[in-house]
Structure formats: structure tokens, C-alpha cells
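As stored in protein.pdb (PDB, C-alpha atoms and all ligand atoms):
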```
ATOM      1  CA  MET M   1       2.301 -21.954 -35.954
ATOM      2  CA  ILE M   2       3.840 -20.273 -32.894
ATOM      3  CA  PRO M   3       5.569 -17.043 -33.908
ATOM      4  CA  ALA M   4       8.923 -16.173 -32.360
ATOM      5  CA  GLY M   5       8.431 -13.624 -29.594
ATOM      6  CA  THR M   6       5.283 -15.321 -28.229
ATOM      7  CA  THR M   7       5.367 -15.469 -24.433
ATOM      8  CA  LEU M   8       5.561 -18.858 -22.731
ATOM      9  CA  ALA M   9       2.078 -18.375 -21.267
ATOM     10  CA  ALA M  10       0.549 -17.447 -24.639
ATOM     11  CA  ALA M  11       2.375 -20.314 -26.371
ATOM     12  CA  ARG M  12       0.897 -22.721 -23.851
ATOM     13  CA  ARG M  13      -2.609 -21.448 -24.616
ATOM     14  CA  LEU M  14      -2.027 -21.724 -28.380
ATOM     15  CA  LEU M  15      -0.693 -25.277 -28.058
ATOM     16  CA  ALA M  16      -3.490 -26.323 -25.707
ATOM     17  CA  ASP M  17      -6.087 -25.081 -28.212
ATOM     18  CA  ARG M  18      -4.343 -26.968 -31.022
ATOM     19  CA  LEU M  19      -4.174 -30.208 -29.027
ATOM     20  CA  ALA M  20      -7.766 -29.903 -27.791
ATOM     21  CA  ALA M  21      -8.913 -29.446 -31.402
ATOM     22  CA  ALA M  22      -7.063 -32.687 -32.243
ATOM     23  CA  GLY M  23      -9.150 -34.495 -29.617
ATOM     24  CA  ILE M  24      -6.477 -34.813 -26.942
ATOM     25  CA  ASP M  25      -7.662 -35.044 -23.337
ATOM     26  CA  ASP M  26      -5.935 -32.826 -20.813
ATOM     27  CA  ALA M  27      -4.561 -30.644 -23.590
ATOM     28  CA  GLY M  28      -3.370 -28.026 -21.081
ATOM     29  CA  THR M  29      -1.018 -30.424 -19.309
ATOM     30  CA  GLU M  30       0.287 -31.871 -22.558
ATOM     31  CA  ALA M  31       0.884 -28.363 -23.952
ATOM     32  CA  ARG M  32       2.941 -27.554 -20.868
ATOM     33  CA  LEU M  33       5.003 -30.751 -21.220
ATOM     34  CA  LEU M  34       5.632 -30.143 -24.925
ATOM     35  CA  LEU M  35       6.727 -26.568 -24.264
ATOM     36  CA  LYS M  36       9.092 -27.763 -21.565
ATOM     37  CA  LEU M  37      10.568 -30.256 -24.017
ATOM     38  CA  ALA M  38      10.951 -27.534 -26.666
ATOM     39  CA  THR M  39      12.314 -24.766 -24.448
ATOM     40  CA  GLY M  40      13.531 -26.384 -21.221
ATOM     41  CA  ARG M  41      11.230 -23.956 -19.386
ATOM     42  CA  ASP M  42       8.025 -24.605 -17.498
ATOM     43  CA  ALA M  43       4.999 -22.581 -18.593
ATOM     44  CA  ALA M  44       3.344 -23.366 -15.265
ATOM     45  CA  LEU M  45       5.749 -20.986 -13.547
ATOM     46  CA  ALA M  46       3.889 -17.927 -12.358
ATOM     47  CA  GLY M  47       4.688 -14.267 -12.929
ATOM     48  CA  SER M  48       7.520 -12.976 -15.064
ATOM     49  CA  ALA M  49       8.828 -16.457 -15.966
ATOM     50  CA  ALA M  50       5.627 -17.149 -17.912
ATOM     51  CA  GLU M  51       6.031 -13.829 -19.720
ATOM     52  CA  THR M  52       9.481 -14.643 -21.186
ATOM     53  CA  CYS M  53       9.381 -14.938 -24.953
ATOM     54  CA  LEU M  54      10.226 -17.901 -27.182
ATOM     55  CA  ASP M  55      13.117 -17.270 -29.540
ATOM     56  CA  ALA M  56      12.886 -18.403 -33.177
ATOM     57  CA  ALA M  57      14.452 -21.831 -32.590
ATOM     58  CA  GLU M  58      12.225 -22.542 -29.580
ATOM     59  CA  ALA M  59       9.110 -21.453 -31.461
ATOM     60  CA  THR M  60       9.994 -23.713 -34.404
ATOM     61  CA  ARG M  61      10.708 -26.650 -32.079
ATOM     62  CA  ALA M  62       7.496 -26.165 -30.118
ATOM     63  CA  SER M  63       5.450 -25.930 -33.318
ATOM     64  CA  ALA M  64       7.022 -29.115 -34.695
ATOM     65  CA  LEU M  65       6.408 -31.059 -31.480
ATOM     66  CA  ALA M  66       2.823 -29.832 -31.312
ATOM     67  CA  ALA M  67       2.227 -30.980 -34.893
ATOM     68  CA  ARG M  68       3.447 -34.476 -33.974
ATOM     69  CA  ARG M  69       1.240 -34.633 -30.881
ATOM     70  CA  ALA M  70      -1.756 -33.282 -32.835
ATOM     71  CA  ALA M  71      -1.178 -36.192 -35.243
ATOM     72  CA  ARG M  72      -1.686 -38.353 -32.122
ATOM     73  CA  GLU M  73       1.892 -39.453 -31.575
ATOM     74  CA  PRO M  74       2.076 -40.127 -27.808
ATOM     75  CA  PHE M  75       4.053 -37.703 -25.680
ATOM     76  CA  ALA M  76       6.356 -40.485 -24.429
ATOM     77  CA  ARG M  77       7.314 -41.343 -28.000
ATOM     78  CA  ILE M  78       7.977 -37.710 -28.871
ATOM     79  CA  ALA M  79      10.098 -37.342 -25.728
ATOM     80  CA  GLY M  80      11.817 -40.686 -26.419
ATOM     81  CA  CYS M  81      11.261 -41.889 -22.885
ATOM     82  CA  GLY M  82       8.430 -43.088 -20.691
ATOM     83  CA  ALA M  83       7.957 -43.232 -16.936
ATOM     84  CA  PHE M  84       7.177 -46.515 -15.210
ATOM     85  CA  HIS M  85       7.394 -47.497 -11.564
ATOM     86  CA  GLY M  86       9.418 -44.370 -10.816
ATOM     87  CA  LEU M  87      11.923 -45.158 -13.589
ATOM     88  CA  ASP M  88      12.571 -43.144 -16.752
ATOM     89  CA  LEU M  89      12.894 -45.630 -19.599
ATOM     90  CA  ALA M  90      14.385 -44.736 -22.966
ATOM     91  CA  LEU M  91      12.134 -45.868 -25.809
ATOM     92  CA  ASN M  92      12.658 -46.466 -29.515
ATOM     93  CA  PRO M  93      10.036 -47.194 -32.189
ATOM     94  CA  ALA M  94      10.164 -50.959 -31.438
ATOM     95  CA  CYS M  95       9.172 -50.448 -27.778
ATOM     96  CA  LEU M  96       5.686 -50.426 -26.329
ATOM     97  CA  VAL M  97       5.153 -47.246 -24.314
ATOM     98  CA  PRO M  98       4.982 -48.453 -20.681
ATOM     99  CA  ARG M  99       1.441 -48.518 -19.275
ATOM    100  CA  ASP M 100       0.311 -47.858 -15.726
ATOM    101  CA  ASP M 101      -1.790 -51.062 -16.007
ATOM    102  CA  THR M 102       1.456 -53.034 -15.916
ATOM    103  CA  GLU M 103       2.019 -51.972 -12.293
ATOM    104  CA  ALA M 104      -0.430 -54.769 -11.382
ATOM    105  CA  LEU M 105       1.990 -57.333 -12.852
ATOM    106  CA  VAL M 106       4.967 -55.770 -11.048
ATOM    107  CA  ASP M 107       3.023 -55.733  -7.793
ATOM    108  CA  ALA M 108       1.994 -59.396  -8.192
ATOM    109  CA  ALA M 109       5.578 -60.374  -9.032
ATOM    110  CA  LEU M 110       7.070 -58.516  -6.073
ATOM    111  CA  ARG M 111       4.830 -60.517  -3.727
ATOM    112  CA  LEU M 112       6.588 -63.636  -5.037
ATOM    113  CA  LEU M 113      10.084 -62.254  -4.455
ATOM    114  CA  PRO M 114      10.871 -62.036  -0.738
ATOM    115  CA  ALA M 115      13.045 -58.988  -0.007
ATOM    116  CA  GLY M 116      16.681 -59.833   0.694
ATOM    117  CA  GLU M 117      16.618 -63.214  -1.088
ATOM    118  CA  PRO M 118      18.345 -64.016  -4.379
ATOM    119  CA  ALA M 119      16.073 -64.938  -7.260
ATOM    120  CA  ALA M 120      16.393 -65.656 -10.976
ATOM    121  CA  ILE M 121      13.761 -63.861 -13.043
ATOM    122  CA  LEU M 122      12.895 -64.421 -16.694
ATOM    123  CA  ASP M 123      10.922 -61.702 -18.537
ATOM    124  CA  LEU M 124       9.385 -62.919 -21.800
ATOM    125  CA  GLY M 125       8.726 -60.006 -24.161
ATOM    126  CA  VAL M 126      10.881 -57.635 -22.123
ATOM    127  CA  GLY M 127      10.511 -54.648 -24.502
ATOM    128  CA  PRO M 128      12.494 -51.688 -23.119
ATOM    129  CA  GLY M 129      12.923 -53.542 -19.820
ATOM    130  CA  THR M 130       9.742 -52.204 -18.232
ATOM    131  CA  VAL M 131       8.870 -55.094 -15.895
ATOM    132  CA  LEU M 132      12.286 -56.702 -15.425
ATOM    133  CA  LEU M 133      14.090 -53.463 -14.570
ATOM    134  CA  ALA M 134      11.325 -52.424 -12.153
ATOM    135  CA  LEU M 135      11.701 -55.778 -10.368
ATOM    136  CA  LEU M 136      15.509 -55.636 -10.261
ATOM    137  CA  THR M 137      15.338 -52.116  -8.848
ATOM    138  CA  GLU M 138      13.110 -53.341  -6.026
ATOM    139  CA  ARG M 139      15.050 -56.550  -5.361
ATOM    140  CA  PRO M 140      18.809 -55.871  -5.296
ATOM    141  CA  GLU M 141      19.642 -59.564  -4.749
ATOM    142  CA  ALA M 142      17.768 -60.711  -7.867
ATOM    143  CA  ARG M 143      19.169 -61.303 -11.361
ATOM    144  CA  GLY M 144      17.193 -61.337 -14.579
ATOM    145  CA  LEU M 145      17.116 -62.386 -18.214
ATOM    146  CA  GLY M 146      14.929 -60.505 -20.677
ATOM    147  CA  ILE M 147      13.887 -62.104 -23.976
ATOM    148  CA  ASP M 148      12.364 -60.324 -26.936
ATOM    149  CA  LEU M 149      11.823 -61.088 -30.596
ATOM    150  CA  SER M 150      12.763 -57.504 -31.439
ATOM    151  CA  ALA M 151      16.492 -56.769 -31.507
ATOM    152  CA  GLU M 152      15.668 -53.071 -31.594
ATOM    153  CA  ALA M 153      13.566 -53.239 -28.415
ATOM    154  CA  LEU M 154      16.431 -55.111 -26.750
ATOM    155  CA  GLU M 155      18.788 -52.250 -27.604
ATOM    156  CA  ALA M 156      16.583 -49.938 -25.530
ATOM    157  CA  ALA M 157      16.418 -52.505 -22.702
ATOM    158  CA  ARG M 158      20.207 -52.822 -22.565
ATOM    159  CA  ARG M 159      20.608 -49.070 -22.596
ATOM    160  CA  ASN M 160      18.059 -48.678 -19.787
ATOM    161  CA  ALA M 161      19.777 -51.341 -17.698
ATOM    162  CA  VAL M 162      23.060 -49.423 -18.000
ATOM    163  CA  THR M 163      21.464 -46.052 -17.215
ATOM    164  CA  LEU M 164      19.753 -47.483 -14.137
ATOM    165  CA  GLY M 165      22.912 -49.191 -12.886
ATOM    166  CA  LEU M 166      21.384 -52.655 -13.318
ATOM    167  CA  ALA M 167      23.508 -53.977 -16.186
ATOM    168  CA  ASP M 168      25.507 -56.321 -13.942
ATOM    169  CA  ARG M 169      22.287 -58.139 -12.943
ATOM    170  CA  ALA M 170      20.345 -58.003 -16.220
ATOM    171  CA  ASP M 171      21.023 -60.024 -19.365
ATOM    172  CA  PHE M 172      19.091 -59.778 -22.586
ATOM    173  CA  ALA M 173      18.735 -62.112 -25.537
ATOM    174  CA  GLU M 174      16.838 -62.163 -28.804
ATOM    175  CA  GLY M 175      14.444 -65.081 -29.016
ATOM    176  CA  ARG M 176      10.946 -66.409 -29.388
ATOM    177  CA  TRP M 177       9.457 -66.870 -25.905
ATOM    178  CA  THR M 178      11.235 -69.847 -24.252
ATOM    179  CA  ASP M 179      12.518 -71.422 -27.497
ATOM    180  CA  GLY M 180      16.089 -72.632 -27.065
ATOM    181  CA  LEU M 181      16.419 -71.248 -23.540
ATOM    182  CA  SER M 182      18.519 -73.086 -21.032
ATOM    183  CA  GLY M 183      18.706 -72.459 -17.304
ATOM    184  CA  THR M 184      15.949 -72.375 -14.739
ATOM    185  CA  PHE M 185      14.168 -69.494 -13.059
ATOM    186  CA  ASP M 186      12.282 -68.863  -9.831
ATOM    187  CA  LEU M 187       9.874 -66.509 -11.523
ATOM    188  CA  VAL M 188       8.802 -65.991 -15.127
ATOM    189  CA  VAL M 189       6.983 -62.749 -15.900
ATOM    190  CA  SER M 190       5.401 -61.724 -19.165
ATOM    191  CA  ASN M 191       3.284 -58.933 -20.550
ATOM    192  CA  PRO M 192       2.766 -60.461 -23.996
ATOM    193  CA  PRO M 193       0.831 -59.038 -26.951
ATOM    194  CA  TYR M 194      -2.825 -59.804 -26.192
ATOM    195  CA  ILE M 195      -5.028 -57.702 -28.478
ATOM    196  CA  PRO M 196      -7.097 -59.761 -30.943
ATOM    197  CA  ALA M 197      -5.687 -59.017 -34.404
ATOM    198  CA  ARG M 198      -8.956 -57.637 -35.772
ATOM    199  CA  ASP M 199      -9.156 -55.073 -32.915
ATOM    200  CA  CYS M 200      -5.690 -53.560 -33.373
ATOM    201  CA  ASP M 201      -6.670 -50.986 -35.997
ATOM    202  CA  ALA M 202      -9.573 -49.733 -33.879
ATOM    203  CA  LEU M 203      -7.375 -48.854 -30.901
ATOM    204  CA  ALA M 204      -6.722 -45.174 -30.081
ATOM    205  CA  PRO M 205      -4.478 -43.583 -32.741
ATOM    206  CA  GLU M 206      -1.676 -43.229 -30.171
ATOM    207  CA  VAL M 207      -1.634 -47.030 -29.917
ATOM    208  CA  ALA M 208      -2.760 -48.234 -33.352
ATOM    209  CA  LEU M 209      -0.432 -45.918 -35.282
ATOM    210  CA  HIS M 210       2.553 -45.674 -32.955
ATOM    211  CA  ASP M 211       2.955 -48.782 -30.789
ATOM    212  CA  PRO M 212       4.703 -51.654 -32.596
ATOM    213  CA  ARG M 213       2.261 -54.250 -33.915
ATOM    214  CA  LEU M 214       4.563 -56.987 -32.574
ATOM    215  CA  ALA M 215       3.834 -55.697 -29.071
ATOM    216  CA  LEU M 216       0.057 -55.585 -29.564
ATOM    217  CA  ASP M 217      -1.168 -58.324 -31.876
ATOM    218  CA  GLY M 218      -2.031 -61.506 -29.982
ATOM    219  CA  GLY M 219      -3.393 -63.387 -33.010
ATOM    220  CA  ALA M 220      -6.988 -64.158 -33.955
ATOM    221  CA  ASP M 221      -8.323 -64.388 -30.383
ATOM    222  CA  GLY M 222      -5.537 -62.461 -28.628
ATOM    223  CA  LEU M 223      -4.309 -65.600 -26.856
ATOM    224  CA  ASP M 224      -1.556 -66.945 -29.151
ATOM    225  CA  ALA M 225       1.290 -65.747 -26.915
ATOM    226  CA  TYR M 226      -0.202 -67.395 -23.803
ATOM    227  CA  ARG M 227      -0.494 -70.718 -25.640
ATOM    228  CA  ALA M 228       3.147 -70.559 -26.705
ATOM    229  CA  ILE M 229       4.428 -69.347 -23.346
ATOM    230  CA  PHE M 230       2.626 -71.924 -21.191
ATOM    231  CA  ALA M 231       3.520 -74.736 -23.587
ATOM    232  CA  GLY M 232       7.226 -74.047 -23.043
ATOM    233  CA  VAL M 233       7.658 -72.363 -19.694
ATOM    234  CA  GLY M 234       7.508 -75.481 -17.482
ATOM    235  CA  ARG M 235      10.901 -76.523 -18.828
ATOM    236  CA  VAL M 236      12.632 -73.362 -17.556
ATOM    237  CA  LEU M 237      10.927 -73.100 -14.162
ATOM    238  CA  LYS M 238      12.514 -74.275 -10.949
ATOM    239  CA  PRO M 239      10.314 -76.673  -8.940
ATOM    240  CA  GLY M 240       7.756 -74.553  -7.111
ATOM    241  CA  GLY M 241       8.469 -71.578  -9.382
ATOM    242  CA  HIS M 242       5.808 -69.127 -10.518
ATOM    243  CA  VAL M 243       4.614 -67.621 -13.775
ATOM    244  CA  ALA M 244       2.999 -64.160 -13.628
ATOM    245  CA  VAL M 245       1.350 -62.736 -16.742
ATOM    246  CA  GLU M 246      -0.488 -59.559 -17.645
ATOM    247  CA  ILE M 247      -3.816 -60.099 -19.389
ATOM    248  CA  GLY M 248      -6.265 -58.032 -21.430
ATOM    249  CA  ILE M 249      -9.785 -57.191 -20.334
ATOM    250  CA  GLY M 250     -11.927 -60.318 -19.903
ATOM    251  CA  GLN M 251      -9.100 -62.758 -20.681
ATOM    252  CA  ALA M 252      -8.734 -64.284 -17.187
ATOM    253  CA  PRO M 253     -10.903 -67.391 -17.829
ATOM    254  CA  ASP M 254      -9.286 -68.198 -21.188
ATOM    255  CA  VAL M 255      -5.717 -67.636 -20.003
ATOM    256  CA  THR M 256      -6.403 -69.707 -16.888
ATOM    257  CA  ALA M 257      -7.758 -72.533 -19.052
ATOM    258  CA  ILE M 258      -4.632 -72.420 -21.256
ATOM    259  CA  ALA M 259      -2.320 -72.483 -18.235
ATOM    260  CA  CYS M 260      -4.245 -75.289 -16.516
ATOM    261  CA  ALA M 261      -4.141 -77.410 -19.674
ATOM    262  CA  CYS M 262      -0.339 -77.069 -19.506
ATOM    263  CA  GLY M 263      -0.179 -78.256 -15.884
ATOM    264  CA  PHE M 264      -0.415 -74.971 -13.954
ATOM    265  CA  ARG M 265      -2.878 -73.843 -11.324
ATOM    266  CA  LEU M 266      -4.029 -70.285 -10.696
ATOM    267  CA  GLU M 267      -2.695 -68.911  -7.430
ATOM    268  CA  ARG M 268      -3.629 -65.236  -7.586
ATOM    269  CA  LEU M 269      -5.511 -62.677  -9.648
ATOM    270  CA  SER M 270      -4.591 -58.986  -9.258
ATOM    271  CA  SER M 271      -6.505 -56.015 -10.584
ATOM    272  CA  ASP M 272      -5.242 -52.721 -11.968
ATOM    273  CA  LEU M 273      -6.099 -49.301 -10.523
ATOM    274  CA  ALA M 274      -9.392 -49.322 -12.439
ATOM    275  CA  GLY M 275     -10.366 -52.603 -10.748
ATOM    276  CA  ILE M 276      -9.903 -54.622 -13.949
ATOM    277  CA  PRO M 277      -8.321 -58.093 -13.506
ATOM    278  CA  ARG M 278      -4.885 -57.522 -15.024
ATOM    279  CA  ALA M 279      -2.323 -59.989 -13.660
ATOM    280  CA  LEU M 280      -2.530 -63.735 -13.062
ATOM    281  CA  VAL M 281      -0.055 -65.776 -11.034
ATOM    282  CA  PHE M 282       0.326 -69.498 -11.723
ATOM    283  CA  ARG M 283       2.283 -72.319 -10.158
ATOM    284  CA  GLN M 284       2.997 -75.734 -11.545
ATOM    285  CA  ALA M 285       0.392 -78.199 -10.307
ATOM    286  CA  GLY M 286       1.336 -81.610  -9.005
ATOM    287  CA  PRO M 287       3.777 -82.936  -6.427
ATOM    288  CA  ALA M 288       6.531 -80.389  -7.182
ATOM    289  CA  GLY M 289       4.184 -77.402  -6.703
TER     290      GLY M 289
HETATM  291  C1  LIG M 301       3.013 -55.870 -24.730
HETATM  292  S1  LIG M 301       4.731 -55.691 -25.085
HETATM  293  C2  LIG M 301       5.416 -55.676 -23.439
HETATM  294  C3  LIG M 301       6.676 -54.888 -23.316
HETATM  295  C4  LIG M 301       7.124 -54.699 -21.846
HETATM  296  N1  LIG M 301       7.450 -55.969 -21.248
HETATM  297  C5  LIG M 301       6.040 -54.040 -21.030
HETATM  298  O1  LIG M 301       5.502 -54.672 -20.125
HETATM  299  O2  LIG M 301       5.702 -52.882 -21.304
HETATM  300  C6  LIG M 301       5.126 -57.341 -25.675
HETATM  301  C7  LIG M 301       6.569 -57.562 -26.043
HETATM  302  O3  LIG M 301       6.684 -58.911 -26.527
HETATM  303  C8  LIG M 301       7.563 -58.924 -27.631
HETATM  304  N2  LIG M 301       7.244 -60.127 -28.432
HETATM  305  C9  LIG M 301       6.237 -60.305 -29.320
HETATM  306  N3  LIG M 301       6.255 -61.554 -29.803
HETATM  307  C10 LIG M 301       7.288 -62.190 -29.203
HETATM  308  C11 LIG M 301       7.817 -63.516 -29.274
HETATM  309  N4  LIG M 301       7.263 -64.449 -30.078
HETATM  310  N5  LIG M 301       8.876 -63.826 -28.495
HETATM  311  C12 LIG M 301       9.445 -62.895 -27.687
HETATM  312  N6  LIG M 301       8.989 -61.623 -27.573
HETATM  313  C13 LIG M 301       7.926 -61.273 -28.321
HETATM  314  C14 LIG M 301       7.330 -57.602 -28.332
HETATM  315  O4  LIG M 301       8.422 -57.243 -29.149
HETATM  316  C15 LIG M 301       7.121 -56.678 -27.135
HETATM  317  O5  LIG M 301       8.329 -56.083 -26.734
END
```
Could you take the file, read its structure, and then write that structure out as C-alpha cells?
Amino acid sequence: MIPAGTTLAAARRLLADRLAAAGIDDAGTEARLLLKLATGRDAALAGSAAETCLDAAEATRASALAARRAAREPFARIAGCGAFHGLDLALNPACLVPRDDTEALVDAALRLLPAGEPAAILDLGVGPGTVLLALLTERPEARGLGIDLSAEALEAARRNAVTLGLADRADFAEGRWTDGLSGTFDLVVSNPPYIPARDCDALAPEVALHDPRLALDGGADGLDAYRAIFAGVGRVLKPGGHVAVEIGIGQAPDVTAIACACGFRLERLSSDLAGIPRALVFRQAGPAG
């Protein structure tokens, strides 16, 4: 699609047109990022740099990447890494692409972790390490355990922990939520799958076709994971410990009801950058809490 000898600037225009025709917002920016991935050069550079030509291998690579993006594969998946909380996280097909919405959960969790104090953190559904590694980066005295049902997602999490220099404070294990877990934690965090099963296919193609179903599908009403997590999490919490969970749009009342039925009380609700309630913090009710 892009002939060898095309200038960087012209290639960017061609790619942007292709991506726009495929219904991609901000096609210009994405075209620039794809070209940088294909050539190592930035088409936003002014002057003669933008007039350098793509050689045959670069043109072939750029065309192939553009075809993938036009088929609505997300840029992060094409690049094999996603940015979250200032970290570059390696991703594989079993990993959810990190979402900016999840910053609300990280922010809520950090409020529960006083700087300079040791803490034991459990991340249920850790994926590529998104939440746990962000927290460990911010709290050098903390340690963490990440659980996931996907062995493949855990491979990415372990790799990210090593790359970020956090491997000595982060452990990972394959498992189903808290099943079989021993030990106790000051804070349990989770961004579980919370999309109602019937809605998964109607999500944007980037999500429906490319994010793993295991990371999206929350069962018939989207709440299965919360039921399982709150039923088991009390056993692995230290007295006075907290549970912080991400939620989908409109799920705050239902998730609160599930948590309360399991002996927790809501302590905080945080919203994402769009003002949508996105993270709930619970504490065990009763004399210990
Ligand atoms: C929405 S993704 C969150 C990934 C990452 N923590 C984040 O915030 O981006 C949910 C994660 O839960 C995992 N998962 C799904 N069912 C699970 C289960 N029963 N037990 C443990 N992990 C599970 C998925 O594999 C996926 O990595």
C-alpha cells in the first residue's frame, strides 16, 4: 500500500487516510505512531527529516502495521506494550490493554498505603501487572502478590516486574481469585472482568475482538467476579485491611450490596477522569474494622 521511496510525510498522510477510512479517531496521531514503530523515525519532525524516504523494508512494515490497525487491532497490541501510570508494560494476547480508567483504582489504593510504611498487597486478576506494579513503584516498602487464572498473562506480569526492577518485591501465582491462598494482606486490589456477557460482542472492535474474553466477561449481570471475590477475601485480609475494586459504569450500588452482604462497609468511592464512579474501597465491618 505504501510504495518504497515514499517520503515520511507523505506516508503519514497515506496511513492517516487509511485509518480514518477504517473509522479510527485521531488517525493522524496513530499514523505517526505506526510509522515510528515501522521505521524508528518520527514523521512529526519538521523540514528535511519528514522528506526522507522509506526504503522497501520500511514501506512493507508500515503497510503491514497499518493493515492490522485498520482491522481495529489496538495500537498497544500491535506494539506489544501499553503505557500505564508512567510505566511501559509488555503485553501478550492474554493481557487486557491497560486503561486510563484504572488510574482511579491506583489512586484510591495509594491513599490506603502511607508512604514509607511496609504493606502486603494482593492483586486479584493481576493481568500484566498493571495495578500491582504501579503500586509497588510508588511504595518502595511494599510487597505484592498477583493472582491470575491465565498463566500466559502471568508470564507478562513476571517479565514486567523484572524489567521494572520490582521482581524482588512481586510474586505471582496462577489461581482462581482467593481460592487456596494462604497469608494475609493489608490491601487487596482487583480490577476484575465486569462486562455483562451479552454486552461483550457489542464493545468496540478493539476490545471485543482483541482483548481476552477472560478479562472482560463478568457473567450474566457482570457481577460474578465480585461475588466470588467478596465471598473469599475476608479470609486473607489482616484486621482493619481494605479491599479496593474497579467497577463498570453504574455498578456501584450492586457491588456495594454484594460487599455489604459479605460483611464489608463502603469507605470511599472514587471517580475516573470522566467523572464516572470507577473505584470502591471497602473495609470489614464489625469490631475488627
Ligand atoms: C479486567 S482484567 C484486569 C487486568 C489488570 N489487573 C488491569 O487492571 O488492567 C481482569 C483479569 O482477571 C483475570 N481473571 C479472570 N477470571 C479470573 C479468576 N477467576 N481468577 C483470577 N483471575 C481471573 C483475567 O485473566 C484478567 O487478567
key: ligand LIG 301 (chain M) neighbours within 8 Å using only C-alpha atoms and all ligand atoms, as a ChimeraX atom specification   = /M:94-99,102,123-132,147-150,153,174-178,190-194,212,214-216,225
message = Rounded to one decimal, what separation in Å do you get between atom CA of Glu206 of chain M and atom CA of Ile24 of chain M?
response =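 Those two atoms sit 10.2 Å apart.
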note = With distances taken over all atoms listed in the file, the candidate from M:Gly248, M:Gly5, M:Gly275, M:Gly116 nearest Asp221 of chain M is M:Gly248
inquiry  = Could you check the closest approach to Thr29 of chain M for each of M:Cys260, M:Ala44, M:Ala157, M:Leu209 and tell me which residue wins, using all atoms listed in the file?
reply    = M:Ala44
Of the listed residues M:Gly23, M:Gly241, M:Gly86, M:Pro74, that which approaches Leu122 of chain M most closely, counting only C-alpha atoms = M:Gly241
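Near (12.0, -24.7, -24.4), the residues that fall inside 10 Å on the basis of all atoms listed in the file are Leu8, Leu33, Leu34, Leu35, Lys36, Leu37, Ala38, Thr39, Gly40, Arg41, Asp42, Ala43, Leu54, Asp55, Ala57, Glu58, Ala59, Arg61 and Ala62 of chain M.
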task = For atom CA of Leu154 of chain M and atom CA of Asp101 of chain M, quote the distance in Å rounded to one decimal.
result =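 Atom CA of Asp101 of chain M lies 21.5 Å from atom CA of Leu154 of chain M.
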task = Would you please work out which residue, of M:Leu15, M:Gln251, M:Pro118, M:Ala151, is nearest to Arg32 of chain M when using all atoms listed in the file?
result =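 Comparing M:Leu15, M:Gln251, M:Pro118, M:Ala151 against Arg32 of chain M, the winner is M:Leu15.
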query = What separation in Å, quoted to one decimal, exists between atom CA of Pro196 of chain M and atom CA of Ile276 of chain M?
reply =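 Between atom CA of Pro196 of chain M and atom CA of Ile276 of chain M the gap is 18.0 Å.
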key: Which of M:Cys200, M:Val243, M:Met1, M:Ala261 sits closest to Arg227 of chain M [using all atoms listed in the file]   = M:Ala261
message = So that I can see what lies close to Tyr226 of chain M, please list as a ChimeraX atom specification the residues with an atom at most 8 Å from it, counting all atoms listed in the file and leaving out residues fewer than 3 positions away in the same chain.
response = /M:192,223,229-230,255,258-259
For C-alpha atoms, I'd like the residues from the last selection saved as a compact mmCIF listing (two decimals), keeping the file's coordinate frame.
```txt
# COMPACT_ATOMS: atom_id res chain seq x y z
CA PRO M 192 2.77 -60.46 -24.00
CA LEU M 223 -4.31 -65.60 -26.86
CA ILE M 229 4.43 -69.35 -23.35
CA PHE M 230 2.63 -71.92 -21.19
CA VAL M 255 -5.72 -67.64 -20.00
CA ILE M 258 -4.63 -72.42 -21.26
CA ALA M 259 -2.32 -72.48 -18.24
```
